[in-house]
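Have a look at model_9.txt below; it lists compact mmCIF, C-alpha atoms.
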```txt
# COMPACT_ATOMS: atom_id res chain seq x y z
CA MET A 1246 74.94 -80.12 272.53
CA SER A 1247 74.67 -78.11 275.75
CA LEU A 1248 75.16 -79.52 279.21
CA THR A 1249 71.93 -80.53 280.94
CA LYS A 1250 71.52 -79.81 284.63
CA SER A 1251 68.76 -81.57 286.54
CA ASP A 1252 67.23 -80.87 289.94
CA THR A 1253 64.01 -81.15 291.91
CA LEU A 1254 61.86 -78.42 293.39
CA ARG A 1255 59.72 -79.03 296.42
CA VAL A 1256 56.20 -77.61 295.95
CA PRO A 1257 53.04 -78.11 298.03
CA GLY A 1258 52.04 -81.74 297.65
CA ALA A 1259 54.72 -82.77 295.17
CA ASN A 1260 58.33 -82.80 294.05
CA LEU A 1261 58.96 -81.37 290.57
CA TYR A 1262 61.78 -82.82 288.48
CA TYR A 1263 63.20 -80.32 285.99
CA GLU A 1264 66.10 -79.89 283.59
CA VAL A 1265 67.97 -76.77 282.47
CA ARG A 1266 70.17 -76.46 279.38
CA GLY A 1267 71.48 -73.75 277.09
CA SER A 1268 72.21 -70.07 277.61
CA GLY A 1269 70.35 -66.82 277.07
CA PRO A 1270 66.93 -65.61 278.25
CA LEU A 1271 64.88 -68.20 280.09
CA LEU A 1272 62.33 -70.20 278.09
CA LEU A 1273 60.01 -72.43 280.12
CA MET A 1274 58.46 -75.35 278.24
CA ILE A 1275 55.12 -76.66 279.54
CA ALA A 1276 54.23 -80.08 278.17
CA GLY A 1277 50.78 -81.23 277.19
CA GLY A 1278 49.45 -84.77 277.35
CA GLY A 1279 50.44 -86.61 280.47
CA GLY A 1280 52.99 -83.94 281.35
CA GLY A 1281 56.19 -85.93 280.98
CA GLY A 1282 58.02 -82.96 279.53
CA SER A 1283 61.59 -83.24 280.79
CA GLY A 1284 64.08 -84.15 278.10
CA ASP A 1285 64.64 -82.81 274.60
CA TRP A 1286 61.08 -83.24 273.25
CA ASN A 1287 62.38 -85.48 270.42
CA GLY A 1288 65.19 -83.05 269.60
CA PHE A 1289 63.05 -79.89 269.59
CA VAL A 1290 64.64 -78.40 272.72
CA ASN A 1291 68.19 -78.97 271.46
CA HIS A 1292 67.50 -76.67 268.52
CA LEU A 1293 66.84 -73.81 270.98
CA THR A 1294 69.72 -74.02 273.45
CA ASP A 1295 72.07 -71.71 271.52
CA ALA A 1296 69.63 -68.83 272.04
CA TYR A 1297 67.79 -69.66 275.28
CA THR A 1298 68.19 -71.16 278.70
CA VAL A 1299 65.56 -73.84 278.22
CA VAL A 1300 63.73 -75.29 281.23
CA THR A 1301 61.77 -78.51 280.82
CA TYR A 1302 60.00 -80.39 283.58
CA ASP A 1303 57.71 -83.28 284.34
CA ARG A 1304 54.39 -81.95 285.56
CA ARG A 1305 53.30 -83.24 288.96
CA GLY A 1306 52.04 -86.81 288.81
CA SER A 1307 54.12 -87.60 285.73
CA LEU A 1308 57.29 -89.71 285.65
CA ARG A 1309 59.87 -88.22 288.04
CA SER A 1310 57.61 -85.50 289.50
CA THR A 1311 56.04 -87.40 292.35
CA LEU A 1312 52.92 -86.73 294.39
CA ASP A 1313 52.72 -86.94 298.17
CA ASN A 1314 49.27 -88.51 297.98
CA PRO A 1315 47.48 -90.23 295.09
CA VAL A 1316 44.78 -88.17 293.40
CA GLU A 1317 42.47 -88.75 290.46
CA ASP A 1318 42.92 -85.42 288.72
CA ILE A 1319 44.82 -82.18 289.32
CA PRO A 1320 43.23 -78.75 288.67
CA LEU A 1321 44.95 -76.74 285.96
CA GLU A 1322 45.51 -73.95 288.47
CA ILE A 1323 47.74 -76.27 290.54
CA HIS A 1324 49.90 -76.92 287.49
CA SER A 1325 50.00 -73.17 286.91
CA ASP A 1326 51.17 -72.67 290.50
CA ASP A 1327 53.97 -75.16 289.84
CA ALA A 1328 55.09 -73.22 286.76
CA TYR A 1329 55.01 -70.02 288.83
CA ARG A 1330 57.25 -71.55 291.48
CA LEU A 1331 59.71 -72.81 288.88
CA LEU A 1332 59.95 -69.37 287.29
CA THR A 1333 60.43 -67.56 290.59
CA LYS A 1334 63.19 -70.02 291.53
CA LEU A 1335 65.06 -69.84 288.23
CA SER A 1336 64.69 -66.25 287.01
CA THR A 1337 64.51 -62.70 288.29
CA GLU A 1338 63.32 -61.42 284.90
CA PRO A 1339 60.10 -62.05 282.95
CA ALA A 1340 60.55 -65.26 280.98
CA TYR A 1341 59.42 -66.69 277.69
CA VAL A 1342 56.93 -69.55 277.97
CA PHE A 1343 55.90 -72.13 275.41
CA GLY A 1344 53.03 -74.48 276.17
CA SER A 1345 51.35 -77.03 273.92
CA SER A 1346 47.88 -78.53 274.31
CA ALA A 1347 47.13 -78.77 278.06
CA GLY A 1348 50.44 -76.99 278.59
CA ALA A 1349 49.08 -74.06 276.58
CA LEU A 1350 46.08 -73.80 278.91
CA ILE A 1351 48.43 -73.92 281.90
CA GLY A 1352 50.46 -71.13 280.34
CA LEU A 1353 47.33 -69.03 279.81
CA ASP A 1354 46.34 -69.52 283.44
CA LEU A 1355 49.86 -68.55 284.50
CA VAL A 1356 49.51 -65.28 282.58
CA THR A 1357 46.05 -64.74 284.07
CA ARG A 1358 47.35 -64.87 287.64
CA HIS A 1359 51.05 -63.97 287.32
CA PRO A 1360 51.42 -61.82 284.19
CA GLU A 1361 54.52 -60.11 285.56
CA LEU A 1362 56.48 -63.35 285.21
CA VAL A 1363 55.91 -63.85 281.48
CA CYS A 1364 57.03 -61.48 278.74
CA THR A 1365 55.75 -63.67 275.89
CA LEU A 1366 53.57 -66.77 275.94
CA VAL A 1367 53.25 -68.95 272.87
CA ALA A 1368 50.15 -71.09 273.43
CA HIS A 1369 50.05 -73.93 270.90
CA GLU A 1370 46.56 -75.35 270.31
CA PRO A 1371 45.07 -74.94 273.81
CA PRO A 1372 42.17 -77.44 274.14
CA ALA A 1373 39.46 -74.92 275.05
CA HIS A 1374 36.74 -77.15 273.61
CA TYR A 1375 33.96 -75.27 275.38
CA LEU A 1376 34.52 -72.28 273.07
CA LEU A 1377 33.54 -74.26 269.99
CA PRO A 1378 29.96 -74.58 268.75
CA ASP A 1379 28.14 -77.60 270.15
CA THR A 1380 28.24 -79.29 266.77
CA GLU A 1381 32.06 -79.06 266.72
CA GLN A 1382 32.77 -80.29 270.22
CA SER A 1383 33.93 -83.86 270.58
CA GLN A 1384 31.14 -86.18 271.67
CA GLU A 1385 33.52 -89.08 272.22
CA ASN A 1386 34.67 -89.89 275.73
CA PRO A 1387 38.16 -91.40 275.73
CA LEU A 1388 37.87 -91.83 279.51
CA GLU A 1389 35.59 -94.80 278.86
CA THR A 1390 38.28 -96.29 276.62
CA TYR A 1391 40.91 -95.54 279.27
CA HIS A 1392 39.00 -97.39 281.98
CA ARG A 1393 38.26 -100.27 279.62
CA GLU A 1394 41.49 -100.63 277.62
CA GLY A 1395 44.12 -98.39 279.22
CA GLY A 1396 45.84 -95.11 278.46
CA LEU A 1397 47.49 -95.99 275.15
CA ALA A 1398 44.22 -97.08 273.54
CA ALA A 1399 42.46 -93.97 274.81
CA LEU A 1400 45.28 -91.73 273.62
CA LYS A 1401 45.12 -93.24 270.12
CA GLN A 1402 41.38 -92.52 269.98
CA TYR A 1403 41.82 -88.96 271.23
CA ALA A 1404 44.83 -88.24 269.02
CA GLU A 1405 42.88 -89.07 265.87
CA LYS A 1406 40.20 -86.59 266.88
CA ILE A 1407 42.61 -83.71 267.46
CA GLY A 1408 44.64 -84.30 264.32
CA VAL A 1409 47.82 -85.95 265.55
CA SER A 1410 49.78 -87.53 262.72
CA HIS A 1411 53.34 -88.83 262.53
CA GLU A 1412 53.32 -89.74 258.86
CA ASN A 1413 54.98 -86.55 257.58
CA ARG A 1414 58.32 -85.86 259.31
CA GLU A 1415 61.50 -83.93 258.83
CA PRO A 1416 64.27 -85.98 257.20
CA GLY A 1417 66.02 -88.08 259.78
CA VAL A 1418 63.38 -87.64 262.47
CA GLU A 1419 62.21 -90.82 264.11
CA PHE A 1420 59.15 -90.97 266.31
CA PRO A 1421 60.01 -92.36 269.75
CA GLN A 1422 59.22 -96.06 270.08
CA ARG A 1423 56.58 -97.23 272.53
CA SER A 1424 58.15 -97.46 275.97
CA PRO A 1425 57.15 -97.73 279.64
CA GLN A 1426 57.59 -93.96 279.78
CA GLY A 1427 55.10 -93.48 276.95
CA THR A 1428 52.61 -95.77 278.62
CA ALA A 1429 52.99 -93.86 281.89
CA ASN A 1430 52.45 -90.53 280.10
CA ALA A 1431 49.28 -91.82 278.44
CA ASP A 1432 47.92 -93.06 281.76
CA ALA A 1433 48.79 -89.77 283.46
CA LEU A 1434 46.89 -87.81 280.82
CA PHE A 1435 43.60 -89.52 281.60
CA LYS A 1436 44.20 -89.95 285.31
CA TYR A 1437 45.37 -86.43 286.18
CA THR A 1438 44.74 -84.01 283.32
CA PHE A 1439 41.83 -84.83 281.01
CA LEU A 1440 38.93 -83.84 283.30
CA ALA A 1441 40.82 -80.81 284.61
CA VAL A 1442 41.20 -79.54 281.05
CA ARG A 1443 37.51 -80.04 280.32
CA ARG A 1444 36.53 -78.14 283.49
CA TYR A 1445 38.85 -75.20 282.96
CA ARG A 1446 37.51 -71.85 281.72
CA LEU A 1447 39.72 -69.05 280.48
CA ASP A 1448 39.52 -65.60 282.07
CA ILE A 1449 39.50 -63.61 278.84
CA ALA A 1450 39.19 -60.24 280.60
CA ALA A 1451 42.30 -60.93 282.71
CA LEU A 1452 44.24 -62.09 279.65
CA LEU A 1453 43.28 -58.94 277.75
CA ALA A 1454 44.43 -56.82 280.69
CA ALA A 1455 47.78 -58.58 281.07
CA PRO A 1456 50.94 -56.85 279.79
CA THR A 1457 52.18 -60.21 278.48
CA ARG A 1458 52.38 -60.71 274.74
CA ILE A 1459 50.19 -63.74 273.99
CA VAL A 1460 50.66 -65.63 270.72
CA LEU A 1461 48.14 -68.30 269.76
CA ALA A 1462 49.80 -70.94 267.61
CA GLY A 1463 48.36 -73.75 265.50
CA GLY A 1464 49.66 -76.51 263.27
CA SER A 1465 49.27 -75.41 259.66
CA ALA A 1466 48.71 -78.97 258.46
CA GLY A 1467 45.84 -79.60 260.87
CA GLN A 1468 43.56 -76.62 260.40
CA GLU A 1469 40.45 -78.78 259.99
CA TYR A 1470 40.97 -80.46 263.35
CA VAL A 1471 39.63 -79.45 266.73
CA GLY A 1472 43.04 -78.47 268.14
CA TYR A 1473 43.55 -75.74 265.56
CA ARG A 1474 39.95 -74.59 265.81
CA CYS A 1475 40.35 -74.21 269.57
CA ALA A 1476 43.38 -71.99 268.95
CA VAL A 1477 41.30 -69.89 266.56
CA ALA A 1478 38.48 -69.56 269.12
CA VAL A 1479 40.86 -68.37 271.85
CA ALA A 1480 42.58 -65.98 269.45
CA GLU A 1481 39.23 -64.47 268.47
CA GLY A 1482 38.40 -63.94 272.13
CA LEU A 1483 41.65 -62.04 272.53
CA GLY A 1484 41.16 -60.03 269.36
CA THR A 1485 44.05 -61.61 267.49
CA THR A 1486 44.74 -64.35 264.96
CA VAL A 1487 46.53 -67.70 264.99
CA VAL A 1488 50.19 -67.84 264.01
CA ASP A 1489 50.83 -70.95 261.94
CA PHE A 1490 53.55 -73.39 263.04
CA PRO A 1491 54.79 -76.43 261.12
CA SER A 1492 52.84 -79.67 260.92
CA ASN A 1493 50.02 -80.52 263.32
CA HIS A 1494 49.23 -80.88 267.02
CA VAL A 1495 52.61 -82.53 267.66
CA GLY A 1496 54.68 -80.57 265.15
CA TYR A 1497 57.48 -80.10 267.66
CA ILE A 1498 57.96 -83.90 267.57
CA THR A 1499 57.56 -84.51 263.83
CA HIS A 1500 59.35 -81.34 262.68
CA PRO A 1501 61.56 -80.30 265.61
CA GLY A 1502 64.00 -78.19 263.59
CA ALA A 1503 61.39 -76.22 261.65
CA PHE A 1504 59.19 -75.86 264.72
CA ALA A 1505 62.09 -74.50 266.79
CA GLU A 1506 63.00 -72.08 264.03
CA ARG A 1507 59.43 -70.80 263.91
CA LEU A 1508 59.29 -70.41 267.69
CA HIS A 1509 62.61 -68.53 267.68
CA ASP A 1510 61.31 -66.19 264.96
CA VAL A 1511 58.20 -65.42 267.02
CA LEU A 1512 60.18 -64.80 270.19
CA SER A 1513 62.86 -62.79 268.36
CA ASN A 1514 60.23 -60.34 267.16
CA GLU A 1515 59.47 -59.56 270.79
CA GLN A 1516 63.18 -59.27 271.65
CA GLU A 1517 63.69 -56.77 268.84
CA LYS A 1518 60.74 -54.68 270.03
CA SER A 1519 62.13 -54.64 273.58
CA GLU A 1520 65.56 -53.51 272.35
CA VAL A 1521 64.03 -50.65 270.34
CA THR A 1522 62.00 -49.57 273.38
CA ARG A 1523 65.11 -49.43 275.60
CA GLN A 1524 67.08 -47.29 273.10
```
Give the structure from the file, written as structure tokens.
Amino acid sequence: MSLTKSDTLRVPGANLYYEVRGSGPLLLMIAGGGGGGSGDWNGFVNHLTDAYTVVTYDRRGSLRSTLDNPVEDIPLEIHSDDAYRLLTKLSTEPAYVFGSSAGALIGLDLVTRHPELVCTLVAHEPPAHYLLPDTEQSQENPLETYHREGGLAALKQYAEKIGVSHENREPGVEFPQRSPQGTANADALFKYTFLAVRRYRLDIAALLAAPTRIVLAGGSAGQEYVGYRCAVAVAEGLGTTVVDFPSNHVGYITHPGAFAERLHDVLSNEQEKSEVTRQ
């Protein structure tokens, strides 16, 4: 297991807590949900540290990334600015970026406005619900549940809609037990992120013009759910198709080894192309 180095980065309005481990080209991980993404992502990150310098961080407003002033939600573009500042601090070369759920949308916005910083983005099930037909968009409002019953109850309701399941796991993988950290992440999702995600609109023209390789990823076991269908809708807008990854919307938690192997395969294809181009 590689040594983990932790630090904080001062950004406008917040302090970002981040961790760095491994060696090789830089791979920035952008968490979804409430944004508590520092750590090993239930072992997923530790499967990547032999090949990459992996950077994980808590998005502003989550866990150890503190805000100067309380807010009710944070625009996705602000999270994208934070990712930009982390990349410019930690790397002088274009980096790999993996984002899941809201983190995938943040990654897409990062490529929209700073494409020179990202050589490959793997966007796993970005929740671009507005691209789906009206009949497929969720009519449920977990915010009402959040205000009535709290973040964990609202997250359970929302997770069922987007196809989250922990029943099928890799051998030996245990799902993290409920903890104060998990409760804080659930609250942060509905306090800081949920409305920002619903307001956000992709700039498809800018993404098409970007030199960045953009890979839309989806959980192969959850193709009937809204998360996968959102990935398909974004891929169609970009004239590409979805690359299947193991399991469902949280496959990196339920199948961390297989998910990491799939991500490495996708990124290695780009590395091989770059090496051929330089020769």
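Between atom CA of Pro1378 of chain A and atom CA of Asp1354 of chain A the interatomic distance comes to 22.6 Å.
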For Ala1347 of chain A: contacts at 9 Å, only C-alpha atoms, fewer than 4 positions along chain excluded, given as a CSV table (one decimal) with C-alpha atoms, in the coordinates of the input:
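The new file out_5.csv reads:
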```
chain,number,residue,atom,x,y,z
A,1275,ILE,CA,55.1,-76.7,279.5
A,1276,ALA,CA,54.2,-80.1,278.2
A,1277,GLY,CA,50.8,-81.2,277.2
A,1278,GLY,CA,49.4,-84.8,277.4
A,1279,GLY,CA,50.4,-86.6,280.5
A,1280,GLY,CA,53.0,-83.9,281.4
A,1321,LEU,CA,45.0,-76.7,286.0
A,1351,ILE,CA,48.4,-73.9,281.9
A,1352,GLY,CA,50.5,-71.1,280.3
A,1370,GLU,CA,46.6,-75.4,270.3
A,1371,PRO,CA,45.1,-74.9,273.8
A,1372,PRO,CA,42.2,-77.4,274.1
A,1438,THR,CA,44.7,-84.0,283.3
A,1439,PHE,CA,41.8,-84.8,281.0
A,1442,VAL,CA,41.2,-79.5,281.0
```
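Among A:Ile1323, A:Val1367, A:Leu1353, A:Ala1398, the residue with the shortest atom-to-atom distance to Asp1448 of chain A, counting all atoms listed in the file, is A:Leu1353.
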Between atom CA of Ala1505 of chain A and atom CA of Gly1482 of chain A lies a distance of 26.5 Å
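Take the candidates A:Leu1335, A:Ala1429, A:Val1265, A:Leu1400 and check each one against Leu1308 of chain A using all atoms listed in the file; the shortest distance goes to A:Ala1429.
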The distance between atom CA of Val1363 of chain A and atom CA of Phe1289 of chain A is 21.2 Å
Nearest to Thr1249 of chain A, restricted to only C-alpha atoms and choosing among A:Tyr1391, A:Tyr1329, A:Tyr1263, A:Tyr1445, comes out as A:Tyr1263
Starting from the point (65.7, -64.1, 284.5), work out which residues of protein, DNA or RNA have an atom no more than 10 Å away when counting only C-alpha atoms; state them as an MDAnalysis selection string.
chainID A and resid 1269:1272 1298 1332:1341 1362
Neighbours of Asp1295 of chain A within 10 Å (all atoms listed in the file; same-chain residues fewer than 3 positions away dropped), as an NGL selection string? :A and (1246-1247 or 1266-1269 or 1291-1292 or 1298-1299)
Can you pull out the residues contacting Ile1407 of chain A? Cut-off 7 Å, using all atoms listed in the file, and skip same-chain residues under 2 positions away; I want them as a PDB file with C-alpha atoms, in the coordinates of the input.
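Output saved as result_14.pdb:
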```pdb
ATOM      1  CA  TYR A1403      41.820 -88.960 271.230  1.00  0.00           C
ATOM      2  CA  ALA A1404      44.830 -88.240 269.020  1.00  0.00           C
ATOM      3  CA  GLU A1405      42.880 -89.070 265.870  1.00  0.00           C
ATOM      4  CA  VAL A1409      47.820 -85.950 265.550  1.00  0.00           C
ATOM      5  CA  TYR A1470      40.970 -80.460 263.350  1.00  0.00           C
ATOM      6  CA  VAL A1471      39.630 -79.450 266.730  1.00  0.00           C
ATOM      7  CA  GLY A1472      43.040 -78.470 268.140  1.00  0.00           C
TER       8      GLY A1472
END
```
Given all atoms listed in the file, how would the per-residue table for segment 1363-1445 of chain A near segment 1300-1307 of chain A read, listing every residue at most 8 Å away with its closest atom pair and distance in Å to one decimal, sorted by chain and number, as a Markdown table?
```
| residue | atom | partner | partner_atom | distance |
| --- | --- | --- | --- | --- |
| A:Ala1429 | CA | A:Ser1307 | CA | 7.4 |
| A:Asn1430 | CA | A:Ser1307 | CA | 6.6 |
| A:Ala1433 | CA | A:Ser1307 | CA | 6.2 |
| A:Tyr1437 | CA | A:Gly1306 | CA | 7.2 |
```
TODO: Fewer than 6 positions away in the same chain doesn't count, so skip those; otherwise give me all residues within 9 Å of Ala1451 of chain A, counting only C-alpha atoms, as a ChimeraX atom specification.
DONE: /A:1356-1358
Produce a file of the selected residues containing C-alpha atoms, as a compact mmCIF listing (two decimals), in the frame of the given file.
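After the write, result-v6.txt holds the following:
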```txt
# COMPACT_ATOMS: atom_id res chain seq x y z
CA VAL A 1356 49.51 -65.28 282.58
CA THR A 1357 46.05 -64.74 284.07
CA ARG A 1358 47.35 -64.87 287.64
```
